[in-house]
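Structure file structure39.txt (compact mmCIF, C-alpha atoms) follows.
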# COMPACT_ATOMS: atom_id res chain seq x y z
CA MET A 63 129.83 239.52 -203.44
CA ASN A 64 132.46 240.22 -206.04
CA ASN A 65 134.77 237.29 -206.01
CA PHE A 66 134.85 233.62 -205.27
CA GLU A 67 136.98 234.01 -202.15
CA ASP A 68 134.10 235.90 -200.49
CA ILE A 69 131.75 233.03 -201.29
CA GLN A 70 134.23 230.50 -199.96
CA SER A 71 134.73 232.32 -196.69
CA LEU A 72 130.95 232.70 -196.31
CA TRP A 73 130.50 228.96 -196.96
CA GLN A 74 133.03 228.04 -194.35
CA GLN A 75 131.31 230.21 -191.78
CA ALA A 76 128.02 228.40 -192.31
CA PRO A 77 126.99 226.89 -189.02
CA ALA A 78 126.51 223.15 -189.12
CA ALA A 79 123.50 221.78 -187.36
CA LYS A 80 124.53 220.21 -184.09
CA ALA A 81 125.97 216.78 -184.82
CA PRO A 82 123.56 214.17 -183.51
CA ASP A 83 124.84 212.13 -180.60
CA ILE A 84 127.26 209.59 -181.96
CA LYS A 85 126.08 206.86 -179.61
CA GLN A 86 122.54 207.36 -180.82
CA ALA A 87 123.72 207.07 -184.43
CA ILE A 88 125.51 203.81 -183.71
CA VAL A 89 122.48 202.41 -181.90
CA THR A 90 120.43 203.26 -184.99
CA VAL A 91 122.89 201.36 -187.19
CA LYS A 92 122.89 198.36 -184.91
CA ASN A 93 119.10 198.29 -184.79
CA ARG A 94 118.89 198.58 -188.54
CA ARG A 95 121.41 195.80 -188.99
CA ARG A 96 119.51 193.59 -186.53
CA LEU A 97 116.29 194.23 -188.43
CA MET A 98 118.00 193.28 -191.71
CA GLN A 99 119.32 190.09 -190.15
CA LEU A 100 115.87 189.25 -188.77
CA LYS A 101 114.35 189.87 -192.17
CA SER A 102 116.79 187.61 -193.99
CA PHE A 103 116.46 185.03 -191.23
CA GLY A 104 112.67 185.12 -191.66
CA LEU A 105 113.04 184.71 -195.38
CA VAL A 106 115.37 181.75 -195.09
CA ALA A 107 113.02 180.19 -192.51
CA LEU A 108 110.10 180.67 -194.89
CA LEU A 109 112.00 179.03 -197.76
CA LEU A 110 113.09 176.12 -195.54
CA PHE A 111 109.56 175.69 -194.27
CA THR A 112 108.27 175.61 -197.84
CA LEU A 113 110.87 173.01 -198.75
CA VAL A 114 110.03 170.80 -195.76
CA PHE A 115 106.35 171.16 -196.53
CA LEU A 116 106.98 170.11 -200.13
CA VAL A 117 109.00 167.07 -199.11
CA LEU A 118 106.36 166.07 -196.54
CA ILE A 119 103.51 166.30 -199.02
CA ILE A 120 105.35 164.39 -201.69
CA THR A 121 106.52 161.61 -199.36
CA ARG A 122 103.61 161.29 -196.90
CA TYR A 123 100.65 161.38 -199.23
CA ASP A 124 100.05 158.45 -201.42
CA PHE A 125 99.63 160.13 -204.78
CA LYS A 126 99.07 157.68 -207.58
CA PHE A 127 100.45 159.82 -210.37
CA ILE A 128 103.86 161.33 -210.60
CA SER A 129 102.21 164.35 -212.29
CA THR A 130 100.69 165.37 -208.92
CA ARG A 131 104.06 165.48 -207.21
CA VAL A 132 105.69 167.30 -210.10
CA GLY A 133 102.78 169.77 -210.09
CA ILE A 134 103.23 170.55 -206.39
CA ALA A 135 106.98 170.89 -206.85
CA LEU A 136 106.55 173.34 -209.74
CA ALA A 137 103.98 175.47 -207.90
CA LEU A 138 106.14 175.67 -204.80
CA LEU A 139 109.18 176.43 -206.89
CA ALA A 140 107.24 179.33 -208.37
CA ILE A 141 106.35 180.62 -204.90
CA GLY A 142 109.94 180.25 -203.68
CA ALA A 143 111.29 182.07 -206.73
CA GLY A 144 108.69 184.80 -206.22
CA VAL A 145 109.77 185.31 -202.61
CA VAL A 146 113.42 185.56 -203.61
CA VAL A 147 112.78 188.02 -206.45
CA ASN A 148 110.45 190.23 -204.44
CA SER A 149 112.52 190.27 -201.30
CA ASN A 150 115.69 192.18 -200.75
CA MET A 151 117.77 189.06 -201.31
CA LEU A 152 118.89 190.09 -204.78
CA GLY A 153 119.55 193.60 -203.54
CA LEU A 154 121.95 192.17 -201.01
CA LEU A 155 123.76 190.19 -203.70
CA LEU A 156 124.11 193.24 -205.89
CA LYS A 157 125.32 195.60 -203.22
CA HIS A 158 126.92 198.83 -204.30
CA ASN A 159 130.10 200.03 -202.80
CA SER A 160 129.87 203.74 -202.21
CA ALA A 161 133.21 203.99 -200.41
CA ASP A 162 135.59 202.95 -203.16
CA THR A 163 133.85 204.21 -206.27
CA SER A 164 133.77 207.62 -207.86
CA ASN A 165 130.45 209.35 -208.54
CA HIS A 166 130.57 208.29 -212.18
CA GLN A 167 131.26 204.61 -211.32
CA TYR A 168 128.62 204.70 -208.62
CA LEU A 169 125.95 206.08 -210.95
CA GLN A 170 126.91 203.36 -213.44
CA SER A 171 126.55 200.66 -210.77
CA LEU A 172 123.14 201.99 -209.73
CA ARG A 173 122.11 201.89 -213.38
CA LYS A 174 123.38 198.34 -213.84
CA TYR A 175 121.46 197.25 -210.76
CA ARG A 176 118.27 198.82 -212.12
CA GLN A 177 118.77 197.09 -215.46
CA ARG A 178 119.15 193.75 -213.74
CA ALA A 179 116.05 194.44 -211.67
CA ARG A 180 114.15 195.21 -214.86
CA PHE A 181 115.30 191.94 -216.42
CA MET A 182 114.36 189.99 -213.29
CA HIS A 183 110.92 191.54 -213.08
CA THR A 184 110.13 191.20 -216.78
CA TYR A 185 111.29 187.61 -217.23
CA GLY A 186 110.84 186.54 -213.61
CA ILE A 187 107.11 187.19 -213.71
CA SER A 188 106.72 185.16 -216.93
CA VAL A 189 108.63 182.25 -215.40
CA TYR A 190 106.46 182.54 -212.28
CA PHE A 191 103.20 182.32 -214.21
CA LEU A 192 104.47 179.47 -216.39
CA LEU A 193 105.67 177.37 -213.46
CA MET A 194 102.51 178.07 -211.47
CA GLY A 195 100.20 177.36 -214.43
CA ILE A 196 101.88 174.11 -215.46
CA GLY A 197 102.17 173.08 -211.79
CA ILE A 198 98.43 173.47 -211.20
CA LEU A 199 97.49 171.74 -214.47
CA LEU A 200 99.66 168.75 -213.54
CA TYR A 201 98.45 168.71 -209.93
CA ILE A 202 94.73 168.53 -210.65
CA TYR A 203 95.00 165.70 -213.19
CA GLU A 204 94.95 162.94 -210.58
CA PHE A 205 91.77 164.25 -208.97
CA VAL A 206 89.73 164.87 -212.09
CA HIS A 207 90.92 162.30 -214.62
CA ALA A 208 88.22 159.73 -213.74
CA ASN A 209 85.32 162.00 -214.60
CA THR A 210 85.26 163.67 -218.01
CA PHE A 211 82.87 166.42 -216.99
CA ARG A 212 84.96 167.37 -213.93
CA MET A 213 88.07 167.23 -216.03
CA ILE A 214 86.67 169.59 -218.67
CA LEU A 215 85.39 171.94 -215.98
CA ALA A 216 88.61 171.97 -213.95
CA TYR A 217 90.89 172.34 -216.97
CA GLY A 218 88.59 174.92 -218.53
CA LEU A 219 88.63 177.06 -215.41
CA THR A 220 92.36 176.67 -214.79
CA THR A 221 93.26 177.40 -218.40
CA GLY A 222 90.91 180.40 -218.36
CA TRP A 223 92.59 181.76 -215.24
CA PHE A 224 96.00 181.11 -216.71
CA LEU A 225 95.19 182.90 -219.97
CA PHE A 226 93.76 185.85 -218.03
CA ALA A 227 96.87 186.03 -215.87
CA TRP A 228 99.18 185.70 -218.88
CA PHE A 229 97.48 188.13 -221.23
CA VAL A 230 96.02 190.66 -218.77
CA LEU A 231 97.76 190.61 -215.38
CA ARG A 232 101.29 189.89 -216.58
CA PRO A 233 101.58 192.69 -219.18
CA ARG A 234 100.00 195.14 -216.74
CA THR A 235 102.44 194.32 -213.94
CA VAL A 236 105.42 194.26 -216.28
CA LYS A 237 104.42 197.59 -217.81
CA LYS A 238 104.07 199.27 -214.42
CA GLN A 239 107.36 197.98 -213.06
CA THR A 240 109.26 198.65 -216.26
CA ALA A 241 107.95 202.21 -216.42
CA GLU A 242 109.16 202.91 -212.88
CA ILE A 243 112.57 201.37 -213.50
CA ASP A 244 112.96 203.12 -216.88
CA ASP A 245 112.13 206.42 -215.24
CA MET A 246 114.84 205.83 -212.63
CA ILE A 247 117.38 204.77 -215.28
CA SER A 248 116.71 207.90 -217.31
CA LYS A 249 117.20 210.08 -214.21
CA LEU A 250 120.49 208.36 -213.42
CA ASP A 251 121.58 208.73 -217.06
CA GLU A 252 120.71 212.40 -217.03
CA ILE A 253 122.74 213.07 -213.88
CA ASP A 254 125.68 211.05 -215.16
CA ALA A 255 125.56 212.76 -218.57
CA HIS A 256 125.59 216.14 -216.87
CA LEU A 257 128.47 215.07 -214.66
CA ARG A 258 130.59 214.02 -217.64
CA SER A 259 129.60 216.87 -219.96
CA GLU A 260 132.43 219.20 -220.87
CA MET B 101 141.62 206.17 -187.11
CA GLU B 102 138.92 206.27 -184.48
CA PHE B 103 135.39 206.70 -185.70
CA GLU B 104 134.51 209.17 -183.00
CA LYS B 105 137.34 211.48 -184.01
CA ILE B 106 136.35 211.25 -187.67
CA TYR B 107 132.76 212.01 -186.77
CA THR B 108 133.49 215.16 -184.81
CA THR B 109 136.05 216.43 -187.33
CA TRP B 110 134.05 215.71 -190.45
CA TYR B 111 130.44 216.23 -189.46
CA PRO B 112 130.33 220.01 -190.14
CA LYS B 113 131.99 219.59 -193.56
CA ILE B 114 129.72 216.73 -194.60
CA PHE B 115 126.66 218.55 -193.32
CA ARG B 116 127.56 221.63 -195.41
CA LEU B 117 128.07 219.45 -198.48
CA CYS B 118 124.65 217.85 -197.97
CA MET B 119 123.09 221.27 -197.40
CA GLY B 120 124.60 222.38 -200.71
CA TYR B 121 122.95 219.40 -202.35
CA VAL B 122 119.45 219.54 -200.84
CA ASN B 123 119.15 223.06 -199.33
CA ASP B 124 117.02 221.60 -196.55
CA GLU B 125 118.30 221.20 -193.03
CA ALA B 126 116.33 218.08 -192.07
CA GLN B 127 117.21 216.25 -195.30
CA ALA B 128 120.84 217.34 -195.02
CA GLN B 129 120.98 215.88 -191.51
CA ASP B 130 119.54 212.61 -192.78
CA LEU B 131 122.06 212.43 -195.61
CA ALA B 132 124.95 213.27 -193.26
CA GLN B 133 123.77 210.62 -190.83
CA GLU B 134 123.48 208.08 -193.66
CA THR B 135 127.04 208.97 -194.72
CA PHE B 136 128.47 208.39 -191.25
CA ILE B 137 126.62 205.11 -190.87
CA ILE B 138 128.42 203.90 -194.00
CA VAL B 139 131.71 205.36 -192.70
CA TRP B 140 131.21 203.45 -189.45
CA GLN B 141 130.41 200.23 -191.27
CA LYS B 142 133.26 200.50 -193.77
CA LEU B 143 135.99 202.06 -191.68
CA HIS B 144 137.78 198.72 -191.28
CA THR B 145 138.10 198.50 -195.09
CA PHE B 146 139.84 201.86 -195.35
CA ARG B 147 143.49 201.13 -196.02
CA GLY B 148 144.77 204.59 -196.59
CA GLU B 149 145.35 204.10 -200.32
CA ALA B 150 143.41 207.28 -200.95
CA ALA B 151 143.33 210.31 -198.68
CA ILE B 152 140.71 210.01 -195.94
CA SER B 153 139.06 213.14 -197.34
CA THR B 154 138.62 211.51 -200.77
CA TRP B 155 137.24 208.40 -199.10
CA ILE B 156 134.69 210.26 -196.94
CA TYR B 157 133.67 212.67 -199.68
CA ARG B 158 133.10 209.76 -202.05
CA ILE B 159 130.74 208.16 -199.55
CA ALA B 160 128.98 211.47 -198.89
CA THR B 161 128.55 212.48 -202.54
CA ASN B 162 127.43 208.98 -203.56
CA THR B 163 124.93 209.03 -200.70
CA CYS B 164 123.61 212.36 -201.98
CA LEU B 165 123.36 211.00 -205.53
CA ARG B 166 121.61 207.87 -204.32
CA SER B 167 118.87 209.94 -202.72
CA VAL B 168 117.45 210.12 -206.26
CA GLU B 169 116.33 206.52 -205.76
CA LYS B 170 114.81 206.93 -202.34
CA SER B 171 112.67 209.96 -202.86
CA LYS B 172 111.86 212.23 -205.67
CA ARG B 173 114.80 213.76 -207.42
CA MET B 174 116.11 216.77 -205.52
CA PRO B 175 114.42 219.44 -207.55
CA LYS B 176 116.30 222.37 -208.89
CA ALA B 177 115.20 225.39 -206.91
CA GLU B 178 113.99 228.49 -208.63
CA LEU B 179 115.13 231.89 -207.53
CA PRO B 180 112.19 233.97 -206.35
CA PHE B 181 111.24 236.99 -208.44
CA GLN B 182 110.69 239.25 -205.49
CA LEU B 183 112.60 239.20 -202.29
CA PRO B 184 111.78 240.80 -198.98
CA ASP B 185 113.32 244.23 -198.83
CA ILE B 186 116.33 243.77 -196.61
CA PRO B 187 118.83 246.63 -196.94
CA GLU B 188 121.95 244.80 -195.82
CA PRO B 189 121.43 241.10 -195.32
CA ASN B 190 123.17 239.69 -192.29
CA ARG B 191 125.57 236.77 -192.47
CA GLU B 192 122.96 234.10 -191.87
CA GLU B 193 120.75 235.48 -194.59
CA LYS B 194 123.74 235.58 -196.94
CA ILE B 195 124.47 231.94 -196.17
CA ARG B 196 120.85 231.07 -196.89
CA GLN B 197 121.13 232.93 -200.19
CA LEU B 198 124.26 230.95 -201.01
CA TYR B 199 122.54 227.61 -200.36
CA ARG B 200 119.56 228.74 -202.38
CA CYS B 201 121.74 229.69 -205.34
CA ILE B 202 123.65 226.40 -205.19
CA ALA B 203 120.32 224.58 -205.17
CA THR B 204 119.53 226.07 -208.57
CA LEU B 205 122.47 224.21 -210.13
CA GLU B 206 122.30 220.69 -211.60
CA GLU B 207 122.99 217.85 -209.14
CA PRO B 208 126.60 217.10 -210.18
CA ASP B 209 127.41 220.82 -210.22
CA ARG B 210 126.11 221.17 -206.65
CA ILE B 211 128.46 218.40 -205.57
CA ILE B 212 131.46 219.83 -207.40
CA ILE B 213 130.98 223.38 -206.13
CA SER B 214 130.47 222.19 -202.55
CA LEU B 215 133.77 220.29 -202.75
CA VAL B 216 135.46 223.41 -204.14
CA LEU B 217 134.02 225.55 -201.36
CA GLU B 218 135.30 223.04 -198.82
CA GLY B 219 138.75 223.74 -200.24
CA LEU B 220 139.34 220.29 -201.74
CA PRO B 221 142.16 220.30 -204.33
CA GLN B 222 141.06 219.72 -207.91
CA ALA B 223 142.93 216.41 -208.15
CA GLU B 224 140.87 215.12 -205.24
CA ILE B 225 137.64 216.45 -206.72
CA ALA B 226 138.52 214.51 -209.88
CA ALA B 227 139.07 211.37 -207.78
CA VAL B 228 135.75 211.80 -205.99
CA THR B 229 133.70 212.47 -209.11
CA GLY B 230 135.53 210.17 -211.52
CA LEU B 231 136.23 212.95 -214.01
CA SER B 232 139.59 213.67 -215.60
CA GLU B 233 141.58 216.45 -214.01
CA GLY B 234 141.29 218.50 -217.20
CA ASN B 235 137.54 218.18 -217.29
CA THR B 236 137.33 218.96 -213.57
CA ARG B 237 139.33 222.16 -214.06
CA VAL B 238 137.04 223.34 -216.86
CA LYS B 239 133.92 222.43 -214.91
CA VAL B 240 135.07 224.07 -211.69
CA HIS B 241 135.82 227.27 -213.57
CA ARG B 242 132.41 227.32 -215.25
CA ILE B 243 130.45 226.48 -212.10
CA LYS B 244 132.30 229.15 -210.11
CA GLU B 245 131.36 231.74 -212.72
CA LYS B 246 127.79 230.54 -212.85
CA LEU B 247 127.43 230.68 -209.07
CA LEU B 248 128.99 234.11 -208.79
CA LYS B 249 126.61 235.45 -211.45
CA LYS B 250 123.63 233.92 -209.71
CA LEU B 251 124.64 235.42 -206.39
CA GLN B 252 125.22 238.84 -207.90
CA ALA B 253 121.85 238.68 -209.67
CA TYR B 254 120.29 237.68 -206.38
CA GLU B 255 121.86 240.60 -204.59
CA GLN B 256 120.60 243.04 -207.21
CA LEU B 257 117.00 241.83 -206.97
Go ahead and render the structure in this file as structure tokens.
Amino acid sequence: MNNFEDIQSLWQQAPAAKAPDIKQAIVTVKNRRRLMQLKSFGLVALLLFTLVFLVLIITRYDFKFISTRVGIALALLAIGAGVVVNSNMLGLLLKHNSADTSNHQYLQSLRKYRQRARFMHTYGISVYFLLMGIGILLYIYEFVHANTFRMILAYGLTTGWFLFAWFVLRPRTVKKQTAEIDDMISKLDEIDAHLRSE
Amino acid sequence: MEFEKIYTTWYPKIFRLCMGYVNDEAQAQDLAQETFIIVWQKLHTFRGEAAISTWIYRIATNTCLRSVEKSKRMPKAELPFQLPDIPEPNREEKIRQLYRCIATLEEPDRIIISLVLEGLPQAEIAAVTGLSEGNTRVKVHRIKEKLLKKLQAYEQL
């Protein structure tokens, strides 16, 4: 092959694999879309259920201390926030538009999304542990306050768990997630840098 | 424009582009399919401000680039040291060689050269990639040379 025209004519002769049946492709899209809708419906249902459950507990049970109710609310808030962060909900909010953006803009938007995900995971997990820890500490007060021994035991165990989660589990999870996201960001950067290089 | 018409007209071109990117038929089919799913979903938003080719190629190339997130990065292929002794490779073998050589380029270069080979004007390539026309011209020239050298080296092996 001595010139580019030869290559071009060869390229254009390349046989394309038989195009899959268009109807089949559209059915696939519709199924996928239905699955997405079901998933988000399930998520919303779960959040609503949690909320109803929270309201029921707070109103139906005759807790003497306000701390118990606040504790339950904080713990459930933590669970709700965890569901939102871990689900695809944020992904849907930060959708990329591949149709109206150039490769450079698209790579930038993928990078921005990854950075946001990193922020959410790093700070989100801290907020989760804080809300959950404080929630549980507040919740158990009503049940153990009458007996000093039970109180020391319950608070000792809860604080111990909380410290373990904060100083061992949290950094480990954050480190793992951040490493994965950083790896992806560096790959995207590398491709974008090569694209723009002169 | 009807989706069905777009699909039949554009499938071979998009498939070739994806083949240039991944050099693997099954993966190229997946990427092409993914592209047309987005085309189908977004067709109502296409207002004809850009050429339909720019619009479809943007979706296809962005879909290729995004595959970096879904799986491992499409690795750069290595040219084999020794090739089977074929005196005069037939057309299909030559096409395979071409894909293999394109696969040894960096990801953005694979996209640019595939667009060139599809006969897309440089202004449109610039619009798809987001590069300036000047930069596109320089890049196209360099990648063409690089590819030609690779192919010639391959033929001499």
Practice task
Counting only C-alpha atoms, collect the residues of chain A whose closest atom lies at most 8 Å from chain B, and write them out as a ChimeraX atom specification.
Solution key: /A:63-66,69-70,72-74,76-79,81,84,87-88,91,160-169,246,249-250,253-254,256-258,260
Quick one: write out the picked residues with C-alpha atoms as a compact mmCIF listing (two decimals), in the frame of the given file?
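See result_18.txt below for the written result:
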# COMPACT_ATOMS: atom_id res chain seq x y z
CA MET A 63 129.83 239.52 -203.44
CA ASN A 64 132.46 240.22 -206.04
CA ASN A 65 134.77 237.29 -206.01
CA PHE A 66 134.85 233.62 -205.27
CA ILE A 69 131.75 233.03 -201.29
CA GLN A 70 134.23 230.50 -199.96
CA LEU A 72 130.95 232.70 -196.31
CA TRP A 73 130.50 228.96 -196.96
CA GLN A 74 133.03 228.04 -194.35
CA ALA A 76 128.02 228.40 -192.31
CA PRO A 77 126.99 226.89 -189.02
CA ALA A 78 126.51 223.15 -189.12
CA ALA A 79 123.50 221.78 -187.36
CA ALA A 81 125.97 216.78 -184.82
CA ILE A 84 127.26 209.59 -181.96
CA ALA A 87 123.72 207.07 -184.43
CA ILE A 88 125.51 203.81 -183.71
CA VAL A 91 122.89 201.36 -187.19
CA SER A 160 129.87 203.74 -202.21
CA ALA A 161 133.21 203.99 -200.41
CA ASP A 162 135.59 202.95 -203.16
CA THR A 163 133.85 204.21 -206.27
CA SER A 164 133.77 207.62 -207.86
CA ASN A 165 130.45 209.35 -208.54
CA HIS A 166 130.57 208.29 -212.18
CA GLN A 167 131.26 204.61 -211.32
CA TYR A 168 128.62 204.70 -208.62
CA LEU A 169 125.95 206.08 -210.95
CA MET A 246 114.84 205.83 -212.63
CA LYS A 249 117.20 210.08 -214.21
CA LEU A 250 120.49 208.36 -213.42
CA ILE A 253 122.74 213.07 -213.88
CA ASP A 254 125.68 211.05 -215.16
CA HIS A 256 125.59 216.14 -216.87
CA LEU A 257 128.47 215.07 -214.66
CA ARG A 258 130.59 214.02 -217.64
CA GLU A 260 132.43 219.20 -220.87
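When all atoms listed in the file are used to measure the gap to Leu215 (chain B), the shortest distance among B:His144, B:Asp130, B:Lys250, B:Tyr121 belongs to B:Tyr121.
Interatomic distance, CA of Leu220 (chain B) against CA of Ser259 (chain A): 20.9 Å.
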The distance between CA of Tyr254 (chain B) and CA of Arg200 (chain B) is 9.8 Å
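A straight line drawn from CA of Ile247 (chain A) to CA of Val147 (chain A) is 19.5 Å long.
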Exercise for review: Tell me which protein, DNA and RNA residues are within 8 Å of region 213-221 of chain A, counting all atoms listed in the file, leaving out same-chain ones fewer than 6 positions away, and put them as a PyMOL selection string.
Suggested key: chain A and resi 195+198-199+202-203+206-207
Find the residues near region 228-231 of chain A: any atom within 10 Å, counting only C-alpha atoms, skip ones fewer than 6 places away on the same chain, and give them as a ChimeraX atom specification. /A:187-188,191-192,195,222,237
Let me have the centre and edge lengths in Å, one decimal, of the box along x, y and z around every listed atom of region 156-173 of chain B with 4 Å of margin on each side, as lines of an AutoDock Vina configuration file.
center_x = 123.3
center_y = 210.1
center_z = -202.2
size_x = 30.8
size_y = 15.2
size_z = 18.5
